[in-house]
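Only one structure is covered here, and it is reproduced in the block below.
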Amino acid sequence: VISIDNQAFTNCTKLTSVVIPNSVTSIKPAFYNCTGLRSVVIGDGVKSIDSYSFYYCTSLTSVVIGDSVTSISRNAFQNCTSLTSIDIPNSVTSIGSNAFQNCSSLTSVVIGDSVKSIDYYAFHDCTNLRSVAIGDSVTSIGYYAFYNLGNNAKITVIHSEGTIPDLASGRGNAYWTNATIVGAQAPEPEPEPEQPQPEVLIDLQILNYVLTNWANVPGNITLNEIQTSLFLESVT
């Protein structure tokens, strides 16, 4: 067996455990709505977990992901409401949109060092999630990826560059709520440009008043040659 195809075990509600051998290289949406499934072991030959592979496996509590998996596609584990923890190995480079959305029992996630992108809504509505470790390679986090986490969640960012674009600021809770970010540094703010001093042009009629109230005039005073000449003539 090298592949498990679409809907191979869909709606097998009495199925309780699955061990996928190392000969299998890809998992299609094969276990959709297996509501009695409790444990899954994914062999080291599997390279991708496709969209909806384990969607709505509401009794699933344990998942072991093999070390050859490079991608977890969108909605792969969405609505696995009994899943309590997940370790994503270093082989994985991307986590698709909604991949773990509404895994409401999930309390901790470890994201491996090779993951570069976490797509939008990936962990949205994981309302008991309190601990997230994000690895060294993450450069992109999608909109609402960690929105509506458990209260007092802690997101630890392990990143050699020290900065992930928009990560520390979160764009006003666009990425997460109820979370403390540890280890990420916000990009250095750009210095504000110097404001040019206003230039004040003054005609001869108010020149005497201005010169006697110098402290109240903002910026620099520019006088044209005629005004200056007339003024000098008037005082000589």
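By order in the structure tokens, chains are A, B, ...; within a chain, residues start at 1; ligands start at 1, following the order shown.
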message: Show me, as a PyMOL selection string, the residues that have an atom within 8 Å of Ile2 of chain A when counting only C-alpha atoms, minus same-chain residues fewer than 6 positions from it.
response: chain A and resi 23-26
query: Counting only C-alpha atoms, what is within 10 Å of Ser91 of chain A, bar same-chain residues fewer than 3 positions away, as a VMD selection string?
result: chain A and resid 47 65 to 71 88 94 112 to 115
Give me, as a tab-separated table, the closest atom pair and its distance (Å, one decimal) for every residue of segment 76-104 of chain A within a cut-off of 7 Å of segment 121-139 of chain A, counting only C-alpha atoms, rows sorted by chain and rising number.
residue	atom	partner	partner_atom	distance
A:Gly96	CA	A:Ala122	CA	6.4
A:Ser97	CA	A:Ala122	CA	4.8
A:Asn98	CA	A:Ala122	CA	4.1
A:Ala99	CA	A:Ala122	CA	4.9
A:Phe100	CA	A:Phe123	CA	5.1
A:Gln101	CA	A:Phe123	CA	4.7
A:Asn102	CA	A:Asp125	CA	4.8
A:Cys103	CA	A:Cys126	CA	5.2
A:Ser104	CA	A:Cys126	CA	4.6
Residues from the last selection, all heavy atoms, saved as a compact mmCIF listing (two decimals), in the first residue's frame:
# COMPACT_ATOMS: atom_id res chain seq x y z
N GLY A 96 -1.43 24.31 6.69
CA GLY A 96 -2.46 24.94 5.86
C GLY A 96 -3.54 25.64 6.66
O GLY A 96 -3.65 25.51 7.88
N SER A 97 -4.35 26.38 5.94
CA SER A 97 -5.44 27.12 6.57
C SER A 97 -6.43 26.17 7.25
O SER A 97 -6.71 25.08 6.75
CB SER A 97 -6.17 27.97 5.52
OG SER A 97 -6.72 27.15 4.51
N ASN A 98 -6.89 26.59 8.42
CA ASN A 98 -7.91 25.84 9.18
C ASN A 98 -7.46 24.43 9.58
O ASN A 98 -8.28 23.59 9.94
CB ASN A 98 -9.22 25.72 8.39
CG ASN A 98 -9.72 27.02 7.81
OD1 ASN A 98 -9.29 27.41 6.73
ND2 ASN A 98 -10.60 27.69 8.50
N ALA A 99 -6.16 24.17 9.52
CA ALA A 99 -5.67 22.80 9.73
C ALA A 99 -6.09 22.22 11.07
O ALA A 99 -6.42 21.03 11.17
CB ALA A 99 -4.15 22.77 9.60
N PHE A 100 -6.08 23.06 12.12
CA PHE A 100 -6.47 22.59 13.46
C PHE A 100 -7.57 23.48 14.04
O PHE A 100 -7.72 23.57 15.25
CB PHE A 100 -5.25 22.61 14.39
CG PHE A 100 -4.17 21.63 14.00
CD1 PHE A 100 -3.13 22.03 13.16
CD2 PHE A 100 -4.19 20.32 14.45
CE1 PHE A 100 -2.13 21.13 12.79
CE2 PHE A 100 -3.21 19.41 14.08
CZ PHE A 100 -2.17 19.82 13.25
N GLN A 101 -8.31 24.11 13.18
CA GLN A 101 -9.37 25.00 13.67
C GLN A 101 -10.39 24.23 14.51
O GLN A 101 -10.78 23.11 14.20
CB GLN A 101 -10.09 25.67 12.50
CG GLN A 101 -11.15 26.68 12.97
CD GLN A 101 -11.83 27.39 11.82
OE1 GLN A 101 -11.52 27.17 10.66
NE2 GLN A 101 -12.75 28.27 12.15
N ASN A 102 -10.81 24.86 15.59
CA ASN A 102 -11.82 24.32 16.48
C ASN A 102 -11.41 22.99 17.11
O ASN A 102 -12.27 22.15 17.41
CB ASN A 102 -13.18 24.17 15.77
CG ASN A 102 -14.33 24.04 16.74
OD1 ASN A 102 -14.33 24.64 17.81
ND2 ASN A 102 -15.32 23.22 16.40
N CYS A 103 -10.12 22.79 17.31
CA CYS A 103 -9.66 21.68 18.15
C CYS A 103 -9.76 22.18 19.59
O CYS A 103 -8.77 22.60 20.19
CB CYS A 103 -8.24 21.26 17.78
SG CYS A 103 -8.14 20.47 16.17
N SER A 104 -10.94 22.16 20.11
CA SER A 104 -11.27 22.91 21.32
C SER A 104 -10.67 22.32 22.60
O SER A 104 -10.67 22.99 23.64
CB SER A 104 -12.78 23.04 21.47
OG SER A 104 -13.40 21.76 21.42
